[in-house]
>>> print(open('structure.txt').read())   # compact mmCIF, C-alpha atoms
# COMPACT_ATOMS: atom_id res chain seq x y z
CA MET E 1 42.66 38.66 26.60
CA LEU E 2 43.61 35.56 24.60
CA ALA E 3 46.94 35.37 26.43
CA SER E 4 45.18 35.15 29.80
CA VAL E 5 43.04 32.27 28.54
CA LEU E 6 46.02 30.37 27.14
CA ARG E 7 48.24 30.90 30.18
CA ARG E 8 49.03 27.70 32.11
CA PRO E 9 49.13 27.38 35.86
CA ALA E 10 52.68 27.91 37.14
CA GLY E 11 53.00 24.49 38.79
CA LEU E 12 52.43 22.53 35.58
CA ASP E 13 55.34 23.97 33.59
CA SER E 14 58.06 21.85 35.18
CA LEU E 15 55.96 18.67 35.00
CA GLU E 16 55.19 19.19 31.32
CA ASP E 17 58.80 20.00 30.49
CA HIS E 18 59.99 16.82 32.24
CA SER E 19 57.44 14.60 30.49
CA PHE E 20 58.23 16.24 27.16
CA ALA E 21 61.95 15.62 27.68
CA GLU E 22 61.24 11.94 28.44
CA THR E 23 59.10 11.69 25.30
CA VAL E 24 61.71 13.27 23.05
CA ALA E 25 64.70 11.43 24.55
CA PRO E 26 66.05 8.55 22.47
CA PRO E 27 65.25 5.04 23.64
CA PRO E 28 67.96 2.86 25.18
CA LEU E 29 70.47 1.78 22.55
CA ASP E 30 69.79 -1.96 22.83
CA GLU E 31 66.03 -1.51 22.49
CA ALA E 32 66.47 0.82 19.52
CA ARG E 33 68.74 -1.66 17.74
CA GLU E 34 66.30 -4.52 18.41
CA SER E 35 63.43 -2.50 16.97
CA LEU E 36 65.50 -1.56 13.94
CA ASP E 37 66.36 -5.24 13.36
CA PHE E 38 62.68 -6.15 13.68
CA TRP E 39 61.57 -3.61 11.08
CA ARG E 40 64.39 -4.51 8.70
CA GLY E 41 63.40 -8.17 8.99
CA ARG E 42 59.77 -7.33 8.44
CA LEU E 43 60.67 -5.38 5.30
CA GLU E 44 62.63 -8.36 3.99
CA ARG E 45 59.86 -10.86 4.84
CA THR E 46 56.96 -8.83 3.48
CA PRO E 47 55.90 -9.94 -0.02
CA ARG E 48 56.41 -7.46 -2.84
CA HIS E 49 52.70 -7.24 -3.62
CA ARG E 50 51.91 -5.91 -0.09
CA LEU E 51 52.71 -2.32 -0.97
CA GLY E 52 51.17 -0.72 2.11
CA ARG E 53 52.97 -3.02 4.54
CA ARG E 54 56.26 -2.54 2.71
CA ARG E 55 55.81 1.25 2.78
CA GLU E 56 55.10 1.10 6.50
CA ALA E 57 58.18 -1.06 7.07
CA ARG E 58 60.39 1.30 5.03
CA ASP E 59 59.11 4.29 6.99
CA MET E 60 59.70 2.53 10.29
CA VAL E 61 63.20 1.47 9.26
CA ALA E 62 64.02 5.11 8.48
CA ARG E 63 62.57 6.27 11.81
CA TRP E 64 64.40 3.62 13.82
CA GLU E 65 67.68 4.32 12.03
CA ALA E 66 67.36 7.94 13.16
CA ARG E 67 66.48 6.84 16.71
CA VAL E 68 69.43 4.45 16.81
CA ARG E 69 71.71 7.26 15.64
CA ARG E 70 70.39 9.59 18.38
CA ALA E 71 70.84 6.83 21.00
CA GLU E 72 74.40 6.22 19.76
CA ILE E 73 75.16 9.93 20.00
CA GLN E 74 73.81 9.97 23.52
CA ALA E 75 75.80 6.86 24.49
CA PHE E 76 79.09 7.47 22.65
CA GLY E 77 79.10 11.14 21.64
CA GLY E 78 78.67 12.73 18.24
CA GLY E 79 82.26 13.36 17.26
CA LEU E 80 84.64 11.31 15.16
CA LEU E 81 85.66 8.97 17.98
CA GLY E 82 82.06 8.57 19.09
CA ARG E 83 80.97 7.51 15.61
CA LEU E 84 83.84 5.04 15.35
CA TRP E 85 83.10 3.62 18.81
CA ALA E 86 79.40 3.25 17.96
CA THR E 87 80.32 1.47 14.71
CA TRP E 88 82.64 -0.87 16.61
CA ASP E 89 79.92 -1.53 19.16
CA ARG E 90 77.39 -2.41 16.46
CA GLY E 91 79.53 -4.38 14.08
CA SER E 92 82.90 -5.59 13.00
CA TRP E 93 86.35 -4.27 12.20
CA ALA E 94 85.41 -3.97 8.52
CA ALA E 95 82.48 -1.71 9.44
CA VAL E 96 84.81 0.49 11.50
CA ARG E 97 87.25 0.78 8.59
CA GLY E 98 84.40 1.69 6.23
CA GLU E 99 83.02 4.32 8.60
CA ALA E 100 86.50 5.76 9.18
CA GLY E 101 87.07 5.93 5.43
CA ARG E 102 83.78 7.75 4.89
CA LEU E 103 84.53 10.22 7.69
CA VAL E 104 88.09 10.88 6.57
CA SER E 105 87.17 11.30 2.92
CA ARG E 106 84.36 13.69 3.84
CA ARG E 107 86.68 15.68 6.08
CA ALA E 108 89.33 15.69 3.33
CA ARG E 109 86.79 16.99 0.81
CA MET E 110 85.82 19.76 3.22
CA LEU E 111 89.43 20.72 4.00
CA MET E 112 90.97 20.39 0.52
CA PRO E 113 90.24 23.94 -0.76
CA ARG E 114 91.47 25.41 2.51
CA HIS E 115 94.71 23.46 2.29
CA VAL E 116 95.31 24.56 -1.29
CA VAL E 117 94.90 28.21 -0.30
CA ILE E 118 97.20 27.80 2.71
CA ALA E 119 99.85 26.06 0.58
CA ALA E 120 99.66 28.81 -2.08
CA LEU E 121 100.02 31.52 0.58
CA GLY E 122 102.98 29.66 2.07
CA LEU E 123 104.73 29.44 -1.30
CA TRP E 124 104.06 33.12 -1.98
CA ALA E 125 105.47 34.12 1.42
CA THR E 126 108.55 31.94 0.88
CA ALA E 127 109.15 33.38 -2.59
CA THR E 128 108.74 36.93 -1.23
CA LEU E 129 111.23 36.35 1.59
CA LEU E 130 113.70 34.72 -0.80
CA ALA E 131 113.43 37.65 -3.22
CA ALA E 132 113.92 40.12 -0.36
CA ALA E 133 117.00 38.22 0.84
CA MET E 134 118.47 38.18 -2.69
CA LEU E 135 117.84 41.92 -3.12
CA THR E 136 119.43 42.64 0.26
CA ALA E 137 122.47 40.58 -0.68
CA LEU E 138 122.69 42.32 -4.06
CA VAL E 139 122.44 45.81 -2.51
CA ASN E 140 125.07 44.95 0.11
CA ALA E 141 127.41 43.63 -2.59
CA LEU E 142 127.38 46.97 -4.42
>>> encode(input="structure.txt", output="structure tokens")
Amino acid sequence: MLASVLRRPAGLDSLEDHSFAETVAPPPLDEARESLDFWRGRLERTPRHRLGRRREARDMVARWEARVRRAEIQAFGGGLLGRLWATWDRGSWAAVRGEAGRLVSRRARMLMPRHVVIAALGLWATATLLAAAMLTALVNAL
């Protein structure tokens, strides 16, 4: 009985889904960056004794950083090249080098154990084949 009360008319589903998608979608990249700059400036300009305003500004900076990141992903993609392109678009060559260094070092930290295991297996396989070749040569010499 409760399900029949909560059921929506069939025609409203597509309209609500479309408006929800518009609400959740990230803002345009330029607008998001402008808003982020505004809130960062407000945080810097707000006196230290205005705790509530500073807390609000810090919260808004965090929110707008996330929105800018989502807008950059939508504009440039979320992969390695997309992150580098977004960094180049927002800043300078030094920022791109820093972002690339962070990405590469993170990827290297993730891949390091895997590479050690692969190298150890490769050495073991090489040693096994070499030992088999030596034994074959020894048996053939007798």
>>> atom_distance(input="structure.txt", atom1="CA of Ala100 (chain E)", atom2="CA of Gly77 (chain E)")
15.5 Å
>>> atom_distance(input="structure.txt", atom1="CA of Gly52 (chain E)", atom2="CA of Ala71 (chain E)")
28.3 Å
>>> atom_distance(input="structure.txt", atom1="CA of Arg97 (chain E)", atom2="CA of Gly78 (chain E)")
17.6 Å
>>> closest_residue(input="structure.txt", among="E:Val96, E:Ala141, E:Ala120, E:Ala57", to="Leu36 (chain E)", atoms="only C-alpha atoms")
E:Ala57
>>> closest_residue(input="structure.txt", among="E:Gly82, E:Gly101, E:Pro47, E:Pro26", to="Glu65 (chain E)", atoms="all atoms listed in the file")
E:Pro26
>>> residues_around(input="structure.txt", residues="Arg45 (chain E)", least_positions_apart="5", cutoff="10 Å", atoms="only C-alpha atoms", output="mmCIF file with C-alpha atoms, keeping the file's coordinate frame")
data_model
loop_
_atom_site.group_PDB
_atom_site.id
_atom_site.type_symbol
_atom_site.label_atom_id
_atom_site.label_comp_id
_atom_site.auth_asym_id
_atom_site.auth_seq_id
_atom_site.Cartn_x
_atom_site.Cartn_y
_atom_site.Cartn_z
ATOM 1 C CA TRP E 39 61.570 -3.610 11.080
ATOM 2 C CA ARG E 40 64.390 -4.510 8.700
ATOM 3 C CA ARG E 54 56.260 -2.540 2.710
#
>>> closest_residue(input="structure.txt", among="E:Ile73, E:Leu81, E:Ala125, E:Ala32", to="Val61 (chain E)", atoms="only C-alpha atoms")
E:Ala32
>>> build_atoms(input="structure.txt", residues="region 127-141 of chain E", atoms="N, CA, C and O atoms", output="PDB file, keeping the file's coordinate frame")
ATOM      1  N   ALA E 127     108.568  32.731  -1.414  1.00  0.00           N
ATOM      2  CA  ALA E 127     109.150  33.380  -2.590  1.00  0.00           C
ATOM      3  C   ALA E 127     109.437  34.857  -2.303  1.00  0.00           C
ATOM      4  O   ALA E 127     110.479  35.396  -2.703  1.00  0.00           O
ATOM      5  N   THR E 128     108.548  35.518  -1.572  1.00  0.00           N
ATOM      6  CA  THR E 128     108.740  36.930  -1.230  1.00  0.00           C
ATOM      7  C   THR E 128     109.958  37.109  -0.325  1.00  0.00           C
ATOM      8  O   THR E 128     110.781  38.007  -0.521  1.00  0.00           O
ATOM      9  N   LEU E 129     110.085  36.256   0.686  1.00  0.00           N
ATOM     10  CA  LEU E 129     111.230  36.350   1.590  1.00  0.00           C
ATOM     11  C   LEU E 129     112.541  36.042   0.862  1.00  0.00           C
ATOM     12  O   LEU E 129     113.570  36.687   1.097  1.00  0.00           O
ATOM     13  N   LEU E 130     112.513  35.051  -0.027  1.00  0.00           N
ATOM     14  CA  LEU E 130     113.700  34.720  -0.800  1.00  0.00           C
ATOM     15  C   LEU E 130     114.109  35.878  -1.715  1.00  0.00           C
ATOM     16  O   LEU E 130     115.305  36.232  -1.806  1.00  0.00           O
ATOM     17  N   ALA E 131     113.137  36.500  -2.348  1.00  0.00           N
ATOM     18  CA  ALA E 131     113.430  37.650  -3.220  1.00  0.00           C
ATOM     19  C   ALA E 131     113.986  38.810  -2.400  1.00  0.00           C
ATOM     20  O   ALA E 131     114.938  39.488  -2.818  1.00  0.00           O
ATOM     21  N   ALA E 132     113.431  39.046  -1.212  1.00  0.00           N
ATOM     22  CA  ALA E 132     113.920  40.120  -0.360  1.00  0.00           C
ATOM     23  C   ALA E 132     115.350  39.836   0.090  1.00  0.00           C
ATOM     24  O   ALA E 132     116.209  40.746   0.140  1.00  0.00           O
ATOM     25  N   ALA E 133     115.633  38.567   0.420  1.00  0.00           N
ATOM     26  CA  ALA E 133     117.000  38.220   0.840  1.00  0.00           C
ATOM     27  C   ALA E 133     117.976  38.392  -0.304  1.00  0.00           C
ATOM     28  O   ALA E 133     119.115  38.884  -0.110  1.00  0.00           O
ATOM     29  N   MET E 134     117.590  38.019  -1.507  1.00  0.00           N
ATOM     30  CA  MET E 134     118.470  38.180  -2.690  1.00  0.00           C
ATOM     31  C   MET E 134     118.714  39.664  -2.978  1.00  0.00           C
ATOM     32  O   MET E 134     119.842  40.061  -3.288  1.00  0.00           O
ATOM     33  N   LEU E 135     117.676  40.489  -2.890  1.00  0.00           N
ATOM     34  CA  LEU E 135     117.840  41.920  -3.120  1.00  0.00           C
ATOM     35  C   LEU E 135     118.738  42.547  -2.065  1.00  0.00           C
ATOM     36  O   LEU E 135     119.578  43.414  -2.375  1.00  0.00           O
ATOM     37  N   THR E 136     118.591  42.116  -0.829  1.00  0.00           N
ATOM     38  CA  THR E 136     119.430  42.640   0.260  1.00  0.00           C
ATOM     39  C   THR E 136     120.874  42.274   0.007  1.00  0.00           C
ATOM     40  O   THR E 136     121.793  43.093   0.178  1.00  0.00           O
ATOM     41  N   ALA E 137     121.107  41.010  -0.392  1.00  0.00           N
ATOM     42  CA  ALA E 137     122.470  40.580  -0.680  1.00  0.00           C
ATOM     43  C   ALA E 137     123.050  41.338  -1.852  1.00  0.00           C
ATOM     44  O   ALA E 137     124.243  41.709  -1.870  1.00  0.00           O
ATOM     45  N   LEU E 138     122.245  41.581  -2.877  1.00  0.00           N
ATOM     46  CA  LEU E 138     122.690  42.320  -4.060  1.00  0.00           C
ATOM     47  C   LEU E 138     123.035  43.757  -3.712  1.00  0.00           C
ATOM     48  O   LEU E 138     124.045  44.305  -4.163  1.00  0.00           O
ATOM     49  N   VAL E 139     122.205  44.412  -2.904  1.00  0.00           N
ATOM     50  CA  VAL E 139     122.440  45.810  -2.510  1.00  0.00           C
ATOM     51  C   VAL E 139     123.691  45.887  -1.647  1.00  0.00           C
ATOM     52  O   VAL E 139     124.503  46.815  -1.777  1.00  0.00           O
ATOM     53  N   ASN E 140     123.898  44.940  -0.756  1.00  0.00           N
ATOM     54  CA  ASN E 140     125.070  44.950   0.110  1.00  0.00           C
ATOM     55  C   ASN E 140     126.353  44.669  -0.669  1.00  0.00           C
ATOM     56  O   ASN E 140     127.441  45.104  -0.285  1.00  0.00           O
ATOM     57  N   ALA E 141     126.225  43.935  -1.777  1.00  0.00           N
ATOM     58  CA  ALA E 141     127.410  43.630  -2.590  1.00  0.00           C
ATOM     59  C   ALA E 141     127.870  44.853  -3.385  1.00  0.00           C
ATOM     60  O   ALA E 141     129.040  44.937  -3.759  1.00  0.00           O
TER      61      ALA E 141
END
